[in-house]
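Structure below is input_2.cif: mmCIF, C-alpha atoms, pLDDT in the B column; chains and numbers go by the auth columns.
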```
data_input
loop_
_atom_site.group_PDB
_atom_site.id
_atom_site.type_symbol
_atom_site.label_atom_id
_atom_site.label_comp_id
_atom_site.label_asym_id
_atom_site.label_seq_id
_atom_site.Cartn_x
_atom_site.Cartn_y
_atom_site.Cartn_z
_atom_site.B_iso_or_equiv
_atom_site.auth_seq_id
_atom_site.auth_asym_id
ATOM 1 C CA MET A 1 9.014 9.421 -14.296 93.00 1 A
ATOM 2 C CA ALA A 2 6.260 7.151 -13.086 97.00 2 A
ATOM 3 C CA ASN A 3 2.913 8.923 -13.048 98.00 3 A
ATOM 4 C CA LEU A 4 -0.203 8.629 -10.877 98.00 4 A
ATOM 5 C CA VAL A 5 -3.323 10.769 -11.192 98.00 5 A
ATOM 6 C CA ILE A 6 -5.675 10.365 -8.257 98.00 6 A
ATOM 7 C CA GLN A 7 -8.477 12.202 -6.519 98.00 7 A
ATOM 8 C CA ALA A 8 -7.152 14.470 -3.773 97.00 8 A
ATOM 9 C CA VAL A 9 -8.955 12.908 -0.805 97.00 9 A
ATOM 10 C CA ASP A 10 -7.379 11.729 2.453 96.00 10 A
ATOM 11 C CA THR A 11 -8.376 8.112 1.874 97.00 11 A
ATOM 12 C CA ASN A 12 -5.981 7.921 -1.102 98.00 12 A
ATOM 13 C CA LEU A 13 -2.853 8.582 0.979 98.00 13 A
ATOM 14 C CA ASP A 14 -2.012 4.865 1.294 97.00 14 A
ATOM 15 C CA ILE A 15 -2.231 4.411 -2.473 98.00 15 A
ATOM 16 C CA ILE A 16 0.135 7.335 -2.962 98.00 16 A
ATOM 17 C CA ASN A 17 2.623 5.995 -0.414 97.00 17 A
ATOM 18 C CA GLN A 18 2.574 2.565 -2.101 97.00 18 A
ATOM 19 C CA PHE A 19 3.134 4.209 -5.486 98.00 19 A
ATOM 20 C CA ILE A 20 6.108 6.230 -4.213 98.00 20 A
ATOM 21 C CA HIS A 21 7.661 3.354 -2.253 96.00 21 A
ATOM 22 C CA SER A 22 7.384 1.100 -5.304 97.00 22 A
ATOM 23 C CA GLN A 23 9.906 3.385 -7.007 96.00 23 A
ATOM 24 C CA LEU A 24 12.406 2.578 -4.241 96.00 24 A
ATOM 25 C CA ASP A 25 12.488 -1.193 -4.800 93.00 25 A
ATOM 26 C CA GLY A 26 16.080 -2.399 -4.869 92.00 26 A
ATOM 27 C CA PHE A 27 17.553 0.652 -3.115 94.00 27 A
ATOM 28 C CA ASP A 28 19.099 0.603 0.341 91.00 28 A
ATOM 29 C CA TYR A 29 18.468 3.585 2.566 91.00 29 A
ATOM 30 C CA PRO A 30 18.689 4.458 6.261 88.00 30 A
ATOM 31 C CA PRO A 31 15.866 3.444 8.636 86.00 31 A
ATOM 32 C CA THR A 32 14.811 7.072 9.154 92.00 32 A
ATOM 33 C CA PHE A 33 14.247 7.516 5.416 95.00 33 A
ATOM 34 C CA ASP A 34 10.754 5.951 5.403 94.00 34 A
ATOM 35 C CA PHE A 35 9.537 8.057 8.328 95.00 35 A
ATOM 36 C CA GLN A 36 10.843 11.307 6.841 96.00 36 A
ATOM 37 C CA LEU A 37 9.512 10.494 3.380 97.00 37 A
ATOM 38 C CA ASP A 38 6.071 9.453 4.622 97.00 38 A
ATOM 39 C CA LEU A 39 5.711 12.548 6.789 96.00 39 A
ATOM 40 C CA ALA A 40 6.621 14.860 3.906 97.00 40 A
ATOM 41 C CA VAL A 41 4.318 13.111 1.434 98.00 41 A
ATOM 42 C CA GLU A 42 1.453 13.160 3.922 97.00 42 A
ATOM 43 C CA GLU A 43 1.941 16.861 4.633 96.00 43 A
ATOM 44 C CA ILE A 44 1.915 17.857 0.978 97.00 44 A
ATOM 45 C CA PHE A 45 -0.906 15.545 -0.102 97.00 45 A
ATOM 46 C CA VAL A 46 -3.209 16.290 2.842 95.00 46 A
ATOM 47 C CA ASN A 47 -2.760 20.032 2.289 94.00 47 A
ATOM 48 C CA ILE A 48 -3.764 19.583 -1.361 96.00 48 A
ATOM 49 C CA ALA A 49 -6.730 17.413 -0.353 96.00 49 A
ATOM 50 C CA HIS A 50 -7.946 19.907 2.261 94.00 50 A
ATOM 51 C CA TYR A 51 -7.232 23.269 0.644 94.00 51 A
ATOM 52 C CA ALA A 52 -6.497 23.192 -3.104 96.00 52 A
ATOM 53 C CA TYR A 53 -10.075 22.655 -4.249 95.00 53 A
ATOM 54 C CA ALA A 54 -12.069 23.498 -1.090 92.00 54 A
ATOM 55 C CA PRO A 55 -14.952 23.081 -0.649 93.00 55 A
ATOM 56 C CA ASP A 56 -14.896 20.700 -3.626 94.00 56 A
ATOM 57 C CA THR A 57 -12.292 18.154 -4.616 95.00 57 A
ATOM 58 C CA GLY A 58 -10.104 17.576 -7.637 98.00 58 A
ATOM 59 C CA ASP A 59 -7.230 15.490 -8.883 98.00 59 A
ATOM 60 C CA VAL A 60 -3.569 15.534 -8.041 98.00 60 A
ATOM 61 C CA GLU A 61 -0.890 14.247 -10.377 98.00 61 A
ATOM 62 C CA ILE A 62 2.140 12.678 -8.765 98.00 62 A
ATOM 63 C CA LEU A 63 5.298 11.997 -10.718 98.00 63 A
ATOM 64 C CA CYS A 64 8.067 9.982 -9.102 98.00 64 A
ATOM 65 C CA SER A 65 11.487 8.679 -10.087 97.00 65 A
ATOM 66 C CA VAL A 66 14.932 7.845 -8.803 97.00 66 A
ATOM 67 C CA GLU A 67 17.677 9.661 -10.678 97.00 67 A
ATOM 68 C CA LYS A 68 21.379 10.351 -10.268 96.00 68 A
ATOM 69 C CA ASN A 69 22.299 13.848 -9.105 96.00 69 A
ATOM 70 C CA GLU A 70 25.405 15.844 -10.019 95.00 70 A
ATOM 71 C CA ASN A 71 27.377 13.942 -7.326 96.00 71 A
ATOM 72 C CA ASN A 72 26.319 10.581 -8.779 96.00 72 A
ATOM 73 C CA GLN A 73 24.048 9.906 -5.784 95.00 73 A
ATOM 74 C CA ASN A 74 20.644 8.327 -6.182 96.00 74 A
ATOM 75 C CA GLN A 75 17.905 10.769 -5.348 97.00 75 A
ATOM 76 C CA LEU A 76 14.169 10.328 -5.125 98.00 76 A
ATOM 77 C CA ILE A 77 12.209 13.039 -6.903 98.00 77 A
ATOM 78 C CA ILE A 78 8.482 13.451 -6.246 98.00 78 A
ATOM 79 C CA VAL A 79 6.408 16.071 -8.048 98.00 79 A
ATOM 80 C CA PHE A 80 2.896 17.005 -6.908 98.00 80 A
ATOM 81 C CA LYS A 81 0.739 18.895 -9.417 98.00 81 A
ATOM 82 C CA ASP A 82 -2.764 20.206 -8.832 98.00 82 A
ATOM 83 C CA SER A 83 -5.051 22.693 -10.567 98.00 83 A
ATOM 84 C CA GLY A 84 -6.381 24.136 -7.326 97.00 84 A
ATOM 85 C CA VAL A 85 -6.041 27.615 -5.881 95.00 85 A
ATOM 86 C CA PRO A 86 -2.486 28.901 -6.430 96.00 86 A
ATOM 87 C CA PHE A 87 -0.584 28.519 -3.174 94.00 87 A
ATOM 88 C CA ASP A 88 3.130 28.517 -2.402 95.00 88 A
ATOM 89 C CA PRO A 89 3.621 26.780 0.970 92.00 89 A
ATOM 90 C CA LEU A 90 7.296 27.784 0.921 90.00 90 A
ATOM 91 C CA ALA A 91 6.471 31.510 0.966 90.00 91 A
ATOM 92 C CA ARG A 92 5.309 31.419 4.571 83.00 92 A
ATOM 93 C CA PRO A 93 8.033 32.080 7.167 76.00 93 A
ATOM 94 C CA ASP A 94 9.159 29.064 9.174 67.00 94 A
ATOM 95 C CA PRO A 95 7.824 28.788 12.708 63.00 95 A
ATOM 96 C CA ASP A 96 10.370 29.360 15.466 63.00 96 A
ATOM 97 C CA PRO A 97 11.148 26.035 17.165 65.00 97 A
ATOM 98 C CA THR A 98 13.079 27.862 19.895 62.00 98 A
ATOM 99 C CA ALA A 99 10.078 29.956 20.967 62.00 99 A
ATOM 100 C CA ALA A 100 8.193 29.019 24.102 64.00 100 A
ATOM 101 C CA ILE A 101 5.308 26.653 23.347 63.00 101 A
ATOM 102 C CA GLU A 102 2.707 29.226 24.355 62.00 102 A
ATOM 103 C CA GLU A 103 4.249 31.697 21.862 65.00 103 A
ATOM 104 C CA ARG A 104 4.259 29.309 18.916 59.00 104 A
ATOM 105 C CA GLY A 105 1.534 29.804 16.385 62.00 105 A
ATOM 106 C CA ILE A 106 -0.631 27.069 14.958 63.00 106 A
ATOM 107 C CA GLY A 107 0.193 25.871 11.491 61.00 107 A
ATOM 108 C CA GLY A 108 3.300 25.794 9.363 64.00 108 A
ATOM 109 C CA TRP A 109 4.961 22.939 11.232 75.00 109 A
ATOM 110 C CA GLY A 110 4.275 20.294 8.592 83.00 110 A
ATOM 111 C CA ILE A 111 5.928 22.210 5.764 91.00 111 A
ATOM 112 C CA PHE A 112 8.732 23.178 8.182 87.00 112 A
ATOM 113 C CA LEU A 113 9.440 19.484 8.846 92.00 113 A
ATOM 114 C CA THR A 114 9.090 18.682 5.156 95.00 114 A
ATOM 115 C CA LYS A 115 11.806 21.220 4.356 95.00 115 A
ATOM 116 C CA LYS A 116 14.000 19.806 7.141 95.00 116 A
ATOM 117 C CA TYR A 117 13.576 16.177 6.072 96.00 117 A
ATOM 118 C CA MET A 118 13.895 16.621 2.320 97.00 118 A
ATOM 119 C CA ASP A 119 17.124 17.699 0.674 97.00 119 A
ATOM 120 C CA LYS A 120 15.317 20.123 -1.592 98.00 120 A
ATOM 121 C CA VAL A 121 11.753 21.458 -1.830 98.00 121 A
ATOM 122 C CA THR A 122 10.677 23.788 -4.635 98.00 122 A
ATOM 123 C CA TYR A 123 7.396 25.345 -5.733 98.00 123 A
ATOM 124 C CA ALA A 124 6.265 26.861 -9.025 98.00 124 A
ATOM 125 C CA HIS A 125 2.930 27.764 -10.547 97.00 125 A
ATOM 126 C CA VAL A 126 3.228 26.532 -14.122 94.00 126 A
ATOM 127 C CA ASP A 127 0.512 26.317 -16.792 95.00 127 A
ATOM 128 C CA GLY A 128 -2.191 26.964 -14.189 95.00 128 A
ATOM 129 C CA LYS A 129 -0.910 24.242 -11.860 97.00 129 A
ATOM 130 C CA ASN A 130 0.678 24.256 -8.430 98.00 130 A
ATOM 131 C CA THR A 131 3.859 22.236 -8.820 98.00 131 A
ATOM 132 C CA LEU A 132 5.705 21.213 -5.675 98.00 132 A
ATOM 133 C CA THR A 133 8.831 19.087 -5.984 98.00 133 A
ATOM 134 C CA LEU A 134 10.458 17.082 -3.186 98.00 134 A
ATOM 135 C CA THR A 135 13.973 15.724 -3.584 98.00 135 A
ATOM 136 C CA LYS A 136 15.581 13.286 -1.136 97.00 136 A
ATOM 137 C CA ILE A 137 19.016 11.697 -1.517 96.00 137 A
ATOM 138 C CA ILE A 138 18.773 7.949 -1.050 94.00 138 A
ATOM 139 C CA ASP A 139 22.423 7.017 -0.551 79.00 139 A
#
```

As a first step, turn the structure in this file into structure tokens.
Amino acid sequence: MANLVIQAVDTNLDIINQFIHSQLDGFDYPPTFDFQLDLAVEEIFVNIAHYAYAPDTGDVEILCSVEKNENNQNQLIIVFKDSGVPFDPLARPDPDPTAAIEERGIGGWGIFLTKKYMDKVTYAHVDGKNTLTLTKIID
């Protein structure tokens, strides 16, 4: 897996997107792929930047690769690791998109969309690190 360690600050989002997209060179994917991928990456990274080390900052390690899955499909795998406060964003219940707007709570929509747009999202706290993995089938 390609590896990038970078300070978890909003201004580094473009660098992270370039790093991840560089792993996709030579692959064909649907037009919606970029939008869904960028939204998910932004949601995860910005949450780390804003909350993992608050009020300070720290580093995030991002690992990225394209691998074949059990169905011989190419899949993009992105792993975010940080040493911030342990937090499982998947533990929170999904917001209800069918509820009236005035009944919908604030927050939770970004991770909700991330789970909808990615084929698989997992979280673990391993060796003192939050480890969130996004998997998206390319073809």

Problem - Distance in Å - atom CA of Asn130 of chain A versus atom CA of Ala52 of chain A - result: 9.0 Å

Handout entry: Which residue of A:Gly128, A:Ser65, A:His21, A:Val60 approaches Phe35 of chain A most closely, using only C-alpha atoms
Key = A:His21

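Atom CA of Thr135 of chain A sits 6.0 Å away from atom CA of Met118 of chain A.
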
Practice task
One decimal, Å: what's the distance from atom CA of Phe27 of chain A over to atom CA of Asn72 of chain A, could you say?
Solution key: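 Separation of atom CA of Phe27 of chain A and atom CA of Asn72 of chain A: 14.4 Å.
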
Exercise for the section: Would you kindly translate the PyMOL selection byres ((chain A and resi 54-56) around 12) into the concrete residues it picks from this file, as an NGL selection string? Expected result: :A and (7-9 or 47-53 or 57-59 or 83-85)

Problem - Test item: the PyMOL selection byres ((chain A and resi 20) around 10) resolved as a PyMOL selection string - result: chain A and resi 2-4+14-19+21-25+37-38+41+62-65+76-78
